[in-house]
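S.K.: What follows is upload-v5.txt, made up of compact mmCIF, C-alpha atoms and all ligand atoms:
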```txt
# COMPACT_ATOMS: atom_id res chain seq x y z
CA MET A 19 11.54 51.06 5.78
CA SER A 20 13.15 51.85 2.39
CA GLY A 21 16.48 52.29 4.24
CA LEU A 22 16.41 48.60 5.10
CA TRP A 23 16.43 47.64 1.39
CA THR A 24 19.53 49.68 0.69
CA ASN A 25 21.30 47.62 3.30
CA SER A 26 23.48 45.31 1.20
CA THR A 27 23.79 42.68 3.95
CA LEU A 28 20.03 42.32 4.15
CA GLN A 29 19.79 42.17 0.36
CA PHE A 30 22.44 39.46 0.30
CA TRP A 31 20.64 37.30 2.89
CA THR A 32 17.27 37.82 1.23
CA ALA A 33 18.69 36.77 -2.15
CA LEU A 34 20.48 33.76 -0.62
CA THR A 35 17.35 32.60 1.24
CA GLY A 36 15.27 32.99 -1.91
CA THR A 37 17.80 31.07 -4.00
CA LEU A 38 18.07 28.24 -1.45
CA PHE A 39 14.30 28.01 -1.10
CA SER A 40 13.87 27.89 -4.91
CA LEU A 41 16.58 25.22 -5.22
CA TYR A 42 14.91 23.15 -2.49
CA ALA A 43 11.50 23.46 -4.20
CA VAL A 44 12.91 22.61 -7.65
CA THR A 45 14.91 19.61 -6.32
CA ASN A 46 11.90 18.25 -4.44
CA THR A 47 9.60 18.68 -7.43
CA ALA A 48 12.14 17.03 -9.75
CA ARG A 49 12.62 14.09 -7.33
CA PHE A 50 8.86 13.72 -6.96
CA ALA A 51 8.32 13.80 -10.76
CA TRP A 52 11.21 11.35 -11.33
CA ASN A 53 9.39 8.69 -9.31
CA PHE A 54 6.59 8.75 -11.87
CA VAL A 55 8.67 8.58 -15.04
CA ARG A 56 11.77 6.56 -14.24
CA PRO A 57 12.02 3.02 -15.64
CA SER A 58 10.89 0.20 -13.36
CA ARG A 59 13.57 -1.58 -11.35
CA LEU A 60 11.41 -4.52 -10.40
CA HIS A 61 13.64 -6.87 -12.42
CA GLN A 62 16.41 -6.52 -9.81
CA TYR A 63 14.34 -8.73 -7.45
CA ARG A 64 14.06 -11.50 -10.08
CA HIS A 65 17.56 -12.80 -9.62
CA ALA A 66 17.39 -16.32 -8.23
CA ASP A 67 18.48 -19.17 -10.54
CA SER A 68 16.21 -21.47 -8.53
CA GLY A 69 13.25 -19.10 -9.18
CA SER A 70 12.25 -15.82 -7.52
CA TRP A 71 8.98 -15.82 -5.60
CA ALA A 72 6.64 -12.99 -4.73
CA LEU A 73 4.11 -13.34 -1.91
CA VAL A 74 0.94 -11.25 -2.05
CA THR A 75 -1.41 -11.18 0.94
CA GLY A 76 -5.12 -10.69 0.26
CA ALA A 77 -4.39 -11.95 -3.24
CA SER A 78 -7.75 -13.45 -4.18
CA ASP A 79 -9.38 -10.20 -5.27
CA GLY A 80 -9.04 -6.47 -5.89
CA ILE A 81 -5.65 -4.78 -5.75
CA GLY A 82 -3.97 -7.92 -4.39
CA PHE A 83 -5.07 -9.91 -7.42
CA GLY A 84 -3.85 -7.02 -9.59
CA PHE A 85 -0.40 -7.45 -8.01
CA VAL A 86 -0.53 -11.20 -8.67
CA GLN A 87 -1.27 -10.64 -12.38
CA GLU A 88 1.44 -8.00 -12.75
CA LEU A 89 4.10 -10.00 -10.90
CA LEU A 90 3.39 -13.10 -12.99
CA ALA A 91 3.49 -10.99 -16.14
CA GLN A 92 6.94 -9.79 -15.03
CA GLY A 93 8.31 -13.29 -14.62
CA PHE A 94 7.96 -13.98 -10.87
CA ASN A 95 6.59 -17.16 -9.33
CA VAL A 96 3.75 -16.10 -7.06
CA LEU A 97 2.39 -17.33 -3.73
CA LEU A 98 -1.20 -16.16 -3.25
CA HIS A 99 -2.53 -15.70 0.28
CA GLY A 100 -6.24 -15.53 1.07
CA ARG A 101 -8.92 -16.88 3.39
CA ASN A 102 -11.04 -18.82 0.91
CA ARG A 103 -9.35 -22.02 -0.31
CA THR A 104 -11.88 -22.75 -3.07
CA LYS A 105 -11.55 -19.25 -4.52
CA LEU A 106 -7.74 -19.42 -4.35
CA GLU A 107 -7.62 -22.85 -6.02
CA GLY A 108 -9.86 -21.59 -8.84
CA LEU A 109 -7.58 -18.59 -9.43
CA GLN A 110 -4.47 -20.76 -9.25
CA SER A 111 -5.84 -23.09 -11.91
CA ASP A 112 -6.87 -20.20 -14.24
CA LEU A 113 -3.58 -18.36 -13.82
CA GLN A 114 -1.53 -21.52 -14.37
CA LYS A 115 -3.07 -21.86 -17.84
CA GLU A 116 -2.03 -18.29 -18.72
CA PHE A 117 1.41 -18.41 -17.08
CA SER A 118 2.41 -22.02 -17.74
CA ASP A 119 6.17 -21.37 -17.32
CA GLN A 120 5.89 -20.06 -13.78
CA LYS A 121 5.05 -21.63 -10.46
CA ILE A 122 1.91 -20.54 -8.63
CA ASP A 123 1.01 -21.67 -5.14
CA ILE A 124 -1.56 -20.75 -2.50
CA VAL A 125 -1.74 -20.45 1.28
CA VAL A 126 -4.84 -20.00 3.43
CA ALA A 127 -4.91 -17.93 6.64
CA ASP A 128 -7.68 -15.81 8.13
CA ALA A 129 -6.07 -12.49 8.99
CA SER A 130 -8.99 -11.19 11.06
CA GLN A 131 -8.38 -13.33 14.14
CA TYR A 132 -6.29 -12.47 17.19
CA ASP A 133 -4.14 -15.58 16.73
CA ASP A 134 -0.97 -16.76 15.00
CA SER A 135 -2.54 -17.64 11.64
CA TYR A 136 0.32 -15.75 9.92
CA LYS A 137 2.52 -18.75 10.82
CA ALA A 138 0.83 -20.76 8.06
CA ILE A 139 2.47 -18.35 5.62
CA THR A 140 5.95 -18.43 7.13
CA GLU A 141 5.82 -22.23 7.11
CA LYS A 142 4.68 -22.29 3.48
CA VAL A 143 7.47 -19.88 2.49
CA ARG A 144 10.04 -22.28 3.95
CA THR A 145 8.89 -25.01 1.56
CA LEU A 146 8.94 -22.90 -1.62
CA PRO A 147 11.20 -24.25 -4.39
CA GLY A 148 13.19 -21.03 -4.85
CA LYS A 149 13.70 -17.73 -3.04
CA LEU A 150 11.17 -15.27 -1.70
CA THR A 151 12.34 -11.87 -2.92
CA VAL A 152 9.11 -9.82 -2.92
CA LEU A 153 6.53 -9.44 -0.15
CA VAL A 154 3.42 -7.35 -0.78
CA ASN A 155 1.40 -6.78 2.41
CA ASN A 156 -1.88 -5.93 0.75
CA VAL A 157 -4.54 -7.61 2.85
CA GLY A 158 -6.80 -4.99 4.38
CA GLY A 159 -10.13 -3.28 4.34
CA ILE A 160 -12.76 -1.52 6.41
CA HIS A 161 -14.55 -4.57 7.83
CA THR A 162 -17.87 -3.05 8.91
CA THR A 163 -21.37 -3.40 7.54
CA PRO A 164 -22.49 -0.80 6.64
CA THR A 165 -19.06 0.39 5.50
CA TYR A 166 -19.40 4.00 6.66
CA LEU A 167 -20.30 4.51 10.32
CA PRO A 168 -19.65 7.07 13.08
CA HIS A 169 -16.94 5.56 15.28
CA GLN A 170 -19.27 5.21 18.28
CA ASP A 171 -21.55 2.92 16.22
CA VAL A 172 -18.86 0.50 15.05
CA PRO A 173 -19.18 -2.87 16.87
CA HIS A 174 -16.17 -3.74 19.06
CA ASP A 175 -15.63 -6.98 17.12
CA ASP A 176 -15.40 -5.05 13.83
CA ILE A 177 -12.80 -2.70 15.34
CA ASP A 178 -10.75 -5.74 16.36
CA ALA A 179 -11.11 -7.38 12.93
CA CYS A 180 -10.02 -4.18 11.19
CA ILE A 181 -6.95 -3.84 13.41
CA ASN A 182 -6.06 -7.52 13.02
CA VAL A 183 -6.40 -7.60 9.22
CA ASN A 184 -4.86 -4.22 8.48
CA LEU A 185 -1.93 -4.10 10.84
CA ARG A 186 -1.51 -6.96 13.32
CA PHE A 187 -1.25 -9.70 10.70
CA ALA A 188 1.25 -7.74 8.58
CA THR A 189 3.38 -6.69 11.57
CA HIS A 190 3.90 -10.31 12.66
CA LEU A 191 4.40 -11.55 9.11
CA ILE A 192 7.03 -8.89 8.44
CA LYS A 193 8.87 -9.87 11.63
CA ASP A 194 9.01 -13.51 10.49
CA LEU A 195 9.92 -12.79 6.87
CA ILE A 196 12.58 -10.08 7.26
CA PRO A 197 15.31 -12.69 7.87
CA VAL A 198 14.18 -14.63 4.77
CA LEU A 199 14.12 -11.53 2.56
CA ARG A 200 17.37 -10.25 4.03
CA SER A 201 19.25 -13.44 3.26
CA LYS A 202 17.91 -13.53 -0.30
CA GLY A 203 18.34 -9.91 -1.33
CA PRO A 204 17.99 -7.75 -3.20
CA ALA A 205 14.44 -8.04 -1.94
CA LEU A 206 11.38 -5.82 -1.76
CA LEU A 207 9.00 -5.35 1.15
CA ALA A 208 5.97 -3.33 0.02
CA ASN A 209 3.06 -2.33 2.26
CA ILE A 210 -0.19 -1.04 0.84
CA GLY A 211 -1.08 2.22 2.52
CA SER A 212 -3.91 4.62 1.88
CA VAL A 213 -4.62 8.28 1.36
CA GLY A 214 -7.06 7.74 4.25
CA GLY A 215 -4.02 7.25 6.48
CA ILE A 216 -2.80 10.79 5.83
CA MET A 217 -6.16 12.55 5.53
CA GLY A 218 -8.11 11.00 8.39
CA VAL A 219 -11.41 10.33 6.62
CA PRO A 220 -14.57 10.45 8.76
CA TYR A 221 -16.82 7.37 9.11
CA ILE A 222 -13.89 4.99 8.47
CA THR A 223 -11.83 6.06 11.46
CA THR A 224 -10.30 2.75 12.58
CA TYR A 225 -9.35 1.97 8.99
CA CYS A 226 -7.57 5.32 8.59
CA GLY A 227 -5.75 4.83 11.91
CA THR A 228 -4.49 1.39 10.83
CA LYS A 229 -3.22 2.77 7.53
CA ALA A 230 -1.34 5.60 9.29
CA TYR A 231 0.24 2.86 11.44
CA MET A 232 1.38 1.01 8.30
CA HIS A 233 2.96 4.19 6.92
CA VAL A 234 4.94 4.83 10.10
CA LEU A 235 5.82 1.14 10.50
CA THR A 236 7.37 1.26 7.02
CA GLU A 237 9.29 4.45 7.83
CA SER A 238 10.61 2.89 11.06
CA LEU A 239 11.58 -0.34 9.32
CA LYS A 240 13.39 1.60 6.63
CA ASN A 241 15.25 3.64 9.24
CA GLU A 242 16.08 0.40 11.04
CA THR A 243 17.65 -1.11 7.90
CA VAL A 244 19.95 1.93 7.82
CA ALA A 245 20.73 1.65 11.55
CA GLU A 246 21.49 -2.06 11.14
CA GLY A 247 23.49 -1.60 7.93
CA ILE A 248 21.11 -3.80 5.93
CA ASP A 249 21.10 -2.88 2.26
CA SER A 250 19.51 -6.03 0.86
CA ILE A 251 15.84 -5.09 1.48
CA ASP A 252 14.05 -2.12 -0.04
CA MET A 253 11.05 -0.98 2.00
CA VAL A 254 8.17 1.07 0.74
CA ALA A 255 4.55 1.89 1.59
CA PHE A 256 2.39 2.86 -1.36
CA LEU A 257 -0.13 5.63 -0.89
CA VAL A 258 -3.26 4.42 -2.63
CA GLY A 259 -6.33 6.52 -3.51
CA ASN A 260 -9.69 5.41 -4.89
CA VAL A 261 -9.36 2.09 -6.75
CA SER A 262 -12.22 -0.03 -8.06
CA SER A 263 -11.98 -3.41 -6.36
CA HIS A 264 -14.13 -6.20 -4.96
CA THR A 265 -15.25 -4.20 -1.92
CA ASN A 266 -14.79 -0.68 -3.26
CA THR A 267 -17.30 -0.02 -5.99
CA PHE A 268 -17.53 3.71 -5.23
CA ASP A 269 -16.86 5.55 -8.46
CA MET A 270 -15.42 9.05 -8.40
CA PRO A 271 -13.21 11.10 -10.74
CA LEU A 272 -9.62 9.79 -11.05
CA THR A 273 -10.56 6.25 -9.94
CA ILE A 274 -8.34 3.54 -11.47
CA THR A 275 -8.61 -0.25 -11.74
CA SER A 276 -6.89 -2.67 -9.36
CA ARG A 277 -4.54 -3.86 -12.10
CA GLN A 278 -3.58 -0.29 -13.03
CA CYS A 279 -2.89 0.42 -9.37
CA ALA A 280 -0.63 -2.64 -9.02
CA ALA A 281 1.26 -1.91 -12.25
CA SER A 282 1.88 1.68 -11.25
CA CYS A 283 3.05 0.77 -7.72
CA LEU A 284 5.44 -1.90 -9.00
CA ALA A 285 6.90 0.54 -11.51
CA LYS A 286 8.00 2.68 -8.56
CA ALA A 287 9.54 -0.16 -6.54
CA GLY A 288 13.22 -0.19 -5.79
CA LYS A 289 15.85 1.90 -4.00
CA ASN A 290 13.46 4.69 -3.20
CA SER A 291 14.80 7.16 -0.70
CA GLU A 292 11.23 7.77 0.50
CA ALA A 293 9.33 5.24 2.63
CA LEU A 294 5.95 6.60 1.55
CA VAL A 295 5.45 6.70 -2.21
CA TRP A 296 2.37 7.76 -4.18
CA GLY A 297 1.03 4.70 -6.01
CA HIS A 298 -0.29 6.60 -9.03
CA TRP A 299 -0.22 10.21 -10.25
CA LYS A 300 -4.03 10.36 -10.22
CA PHE A 301 -4.01 9.81 -6.44
CA VAL A 302 -1.73 12.83 -6.03
CA ILE A 303 -4.08 15.12 -7.92
CA ALA A 304 -7.17 13.89 -6.06
CA ALA A 305 -5.51 14.26 -2.63
CA TYR A 306 -3.68 17.55 -3.21
CA PHE A 307 -6.87 19.25 -4.29
CA THR A 308 -8.24 18.64 -0.78
CA MET A 309 -4.97 19.13 1.11
CA MET A 310 -4.29 22.55 -0.40
CA LEU A 311 -7.62 23.97 0.78
CA PRO A 312 -7.82 25.83 4.10
CA LYS A 313 -8.08 23.16 6.83
CA MET A 314 -11.67 23.93 7.88
CA THR A 315 -12.90 24.08 4.27
CA ALA A 316 -11.20 20.72 3.58
CA ARG A 317 -12.80 19.19 6.71
CA ARG A 318 -16.25 20.39 5.66
CA LEU A 319 -15.82 19.17 2.09
CA LEU A 320 -14.56 15.76 3.20
CA GLY A 321 -17.35 15.53 5.77
CA SER A 322 -20.08 16.33 3.25
CA GLU A 323 -18.63 13.88 0.68
CA MET A 324 -18.51 11.11 3.24
CA ARG A 325 -22.00 11.89 4.56
CA LYS A 326 -23.25 11.30 1.01
CA ARG A 327 -21.79 7.81 1.21
CA VAL A 328 -23.43 7.23 4.61
CA GLU A 329 -26.81 8.32 3.22
CA ALA A 330 -26.36 6.31 -0.01
CA GLU A 331 -25.71 3.16 2.03
CA LYS A 332 -28.75 3.81 4.23
CA LYS A 333 -30.95 4.17 1.14
CA SER A 334 -29.64 0.99 -0.47
CA GLY A 335 -30.48 -0.83 2.78
N1 LIG B 401 -9.77 0.01 -3.10
C1 LIG B 401 -9.37 1.20 -2.68
O1 LIG B 401 -9.89 2.25 -3.10
C2 LIG B 401 -8.22 1.30 -1.72
C3 LIG B 401 -7.76 2.58 -1.37
C4 LIG B 401 -6.68 2.71 -0.50
C5 LIG B 401 -6.08 1.56 0.01
N2 LIG B 401 -6.56 0.35 -0.31
C6 LIG B 401 -5.91 -0.83 0.29
O2 LIG B 401 -5.63 -1.79 -0.69
C7 LIG B 401 -5.69 -3.10 -0.12
C8 LIG B 401 -6.62 -3.98 -0.95
O3 LIG B 401 -7.91 -3.37 -0.98
P1 LIG B 401 -9.02 -3.81 -2.04
O4 LIG B 401 -9.91 -2.64 -2.21
O5 LIG B 401 -8.38 -4.44 -3.21
O6 LIG B 401 -9.81 -4.94 -1.21
P2 LIG B 401 -10.72 -6.14 -1.73
O7 LIG B 401 -11.13 -5.98 -3.13
O8 LIG B 401 -11.79 -6.29 -0.70
O9 LIG B 401 -9.74 -7.40 -1.62
C9 LIG B 401 -9.27 -7.75 -0.35
C10 LIG B 401 -8.51 -9.04 -0.42
O10 LIG B 401 -8.12 -9.39 0.91
C11 LIG B 401 -8.70 -10.65 1.25
N3 LIG B 401 -9.11 -10.67 2.65
C12 LIG B 401 -10.01 -9.85 3.25
N4 LIG B 401 -10.14 -10.18 4.54
C13 LIG B 401 -9.30 -11.21 4.76
C14 LIG B 401 -9.01 -12.00 5.91
N5 LIG B 401 -9.62 -11.81 7.07
N6 LIG B 401 -8.06 -12.95 5.80
C15 LIG B 401 -7.46 -13.20 4.61
N7 LIG B 401 -7.71 -12.49 3.49
C16 LIG B 401 -8.64 -11.53 3.57
C17 LIG B 401 -9.89 -10.79 0.33
O11 LIG B 401 -10.26 -12.15 0.26
P3 LIG B 401 -11.67 -12.64 -0.36
O12 LIG B 401 -11.42 -12.79 -1.84
O13 LIG B 401 -11.91 -13.93 0.33
O14 LIG B 401 -12.69 -11.59 -0.06
C18 LIG B 401 -9.32 -10.20 -0.94
O15 LIG B 401 -8.45 -11.10 -1.57
C19 LIG B 401 -6.14 -2.92 1.31
O16 LIG B 401 -5.03 -2.89 2.17
C20 LIG B 401 -6.81 -1.55 1.29
O17 LIG B 401 -6.78 -0.92 2.54
C21 LIG B 401 -7.62 0.18 -1.16
```
Now, as a test, write the supplied structure out as structure tokens.
M.R.:
Amino acid sequence: MSGLWTNSTLQFWTALTGTLFSLYAVTNTARFAWNFVRPSRLHQYRHADSGSWALVTGASDGIGFGFVQELLAQGFNVLLHGRNRTKLEGLQSDLQKEFSDQKIDIVVADASQYDDSYKAITEKVRTLPGKLTVLVNNVGGIHTTPTYLPHQDVPHDDIDACINVNLRFATHLIKDLIPVLRSKGPALLANIGSVGGIMGVPYITTYCGTKAYMHVLTESLKNETVAEGIDSIDMVAFLVGNVSSHTNTFDMPLTITSRQCAASCLAKAGKNSEALVWGHWKFVIAAYFTMMLPKMTARRLLGSEMRKRVEAEKKSG
């Protein structure tokens, strides 16, 4: 065995492999870290003399509303999408007082139906006084009561609603709005993904499946822009971990607010070579802790954590 190590050819290849591996690891780590510290490039989408508009779906609460506040604070006009007209009008009126120099508009469409309600948005976008340069596909959720259920116990209608809200609505909307964004670039198309979509969390199975779909949809769209030679739209899916919001009140270590989540995601927008980008450094720590464990240990840990949620919901009725 020791004879092998005196072989200079073997030593050369071992050293070269080690050096290349180290370089690869250092480059990847540096690129990963750079995403968290580099200055925001969001301003590059605020370029229209006639006014640059951002559209946020599921904008009346939670993370979506966080995006609305951040985008207004950064000088965009904002179109809020939601399903509840009264709630949207109330928010529009409050926001208009705070951001009196910008335009704020609303559009109502129920994303849970197997229909073409997304067309209400594309029609509204056509009438905007200015250019749509940012689209945030945020609308989504778990859509079952109780929230955490074994897959076999989830009603068929809830499965359909989850699929419609989380992926069908966005897929059609993206199809309709790509030409608009493309002609008014530089533009940003951001989809809100989830750590659930890479971890496969038990008791919210359909939800996790829909989020994995959104991640791959984004990757495919980004690859398609390259294939088609389109450089006017940046595409990204943000990996989001536990965020306190209207429907998620589950507190755990490293949880952040909806506004913090939106601010952190927007800071990472723009000319990213990756399609899937961590929304906040706290999500990375929370997820990597689980992902670095041996697979079976991670499964058991995740299972027992989620069972606690199932039991807690049962107790609270
Ligand atoms: N919170 C988290 O920990 C977390 C983690 C990972 C990913 N995410 C993702 O982040 C996104 C936002 O989640 P969130 O926690 O902020 O949710 P949220 O607080 O429940 O807010 C959801 C928003 O979507 C709207 N909405 C829900 N169903 C709709 C429908 N059928 N049609 C039209 N609008 C509808 C809601 O309107 P109303 O105001 O009328 O209810 C609300 O504005 C989702 O895509 C979610 O999957 C969240």
S.K.: Using only C-alpha atoms and all ligand atoms, determine which residues fall within 6 Å of ligand LIG 401 (chain B), then list them as a PyMOL selection string.
M.R.: chain A and resi 76-82+100-102+127-130+156-159+183+210-212+258-266
S.K.: Do a neighbour search on region 292-309 of chain A at 6 Å with all atoms listed in the file, toss out local chain neighbours closer than 4 positions, and write the hits as a ChimeraX atom specification.
M.R.: /A:237,254-259,272,282-283,316
S.K.: State, in Å with one decimal place, the distance from CA of Thr224 (chain A) to CA of Thr140 (chain A).
M.R.: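 Taking CA of Thr224 (chain A) and CA of Thr140 (chain A), their separation equals 27.2 Å.
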S.K.: Rounded to one decimal in Å, what is the spacing between CA of Val143 (chain A) and CA of Leu113 (chain A)?
M.R.: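 So the two atoms, CA of Val143 (chain A) and CA of Leu113 (chain A), lie 19.8 Å apart.
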S.K.: Residues near Leu97 (chain A), anyone? I mean within 9 Å using only C-alpha atoms, not counting same-chain ones fewer than 3 positions away, as an MDAnalysis selection string.
M.R.: chainID A and resid 71:75 77 86 121:125 143 146
S.K.: Since we have the selection now, will you write its residues out, keeping C-alpha atoms, as a compact mmCIF listing (two decimals), in the frame of the given file?
M.R.:
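Printed below is result-v8.txt as written:
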```txt
# COMPACT_ATOMS: atom_id res chain seq x y z
CA TRP A 71 8.98 -15.82 -5.60
CA ALA A 72 6.64 -12.99 -4.73
CA LEU A 73 4.11 -13.34 -1.91
CA VAL A 74 0.94 -11.25 -2.05
CA THR A 75 -1.41 -11.18 0.94
CA ALA A 77 -4.39 -11.95 -3.24
CA VAL A 86 -0.53 -11.20 -8.67
CA LYS A 121 5.05 -21.63 -10.46
CA ILE A 122 1.91 -20.54 -8.63
CA ASP A 123 1.01 -21.67 -5.14
CA ILE A 124 -1.56 -20.75 -2.50
CA VAL A 125 -1.74 -20.45 1.28
CA VAL A 143 7.47 -19.88 2.49
CA LEU A 146 8.94 -22.90 -1.62
```
S.K.: Between A:Asn46, A:Gln92, A:Ser250, A:Thr27, which residue has the minimum interatomic distance to Arg59 (chain A), considering all atoms listed in the file?
M.R.: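 Answer, going by the shortest atom-to-atom distance: A:Gln92.
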S.K.: For CA of Pro204 (chain A) and CA of Thr228 (chain A), quote the distance in Å rounded to one decimal.
M.R.: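 Distance reported for this atom pair: 28.0 Å.
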S.K.: Draw an axis-aligned box over all listed atoms of region 39-43 of chain A, pad each side with 5 Å, and write its centre and edge lengths in Å, one decimal, as AutoDock Vina command-line options.
M.R.:
```
--center_x 14.0 --center_y 25.6 --center_z -3.2 --size_x 15.1 --size_y 14.9 --size_z 14.1
```
S.K.: Within 10 Å of (3.0, 4.6, 9.4) in the file's own coordinates, which protein, DNA or RNA residues have an atom, counting only C-alpha atoms? List them as an MDAnalysis selection string.
M.R.: chainID A and resid 209 211 215:216 227:239 255 293:294
S.K.: Looking at A:His65, A:Arg317, A:Lys286, A:Arg327, which one is nearest to Asp269 (chain A), with distances taken over only C-alpha atoms?
M.R.: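 Between A:His65, A:Arg317, A:Lys286, A:Arg327, the residue approaching Asp269 (chain A) most closely is A:Arg327.
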S.K.: For a quick check of your reading of the model, name the residues lying within 9 Å of the coordinate (-25.2, -3.2, 11.1), counting only C-alpha atoms, and write them as a tab-separated table (two decimals) with C-alpha atoms, keeping the file's coordinate frame.
M.R.:
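The resulting selection_21.tsv:
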```tsv
chain	number	residue	atom	x	y	z
A	162	THR	CA	-17.87	-3.05	8.91
A	163	THR	CA	-21.37	-3.40	7.54
A	164	PRO	CA	-22.49	-0.80	6.64
A	171	ASP	CA	-21.55	2.92	16.22
A	172	VAL	CA	-18.86	0.50	15.05
A	173	PRO	CA	-19.18	-2.87	16.87
```
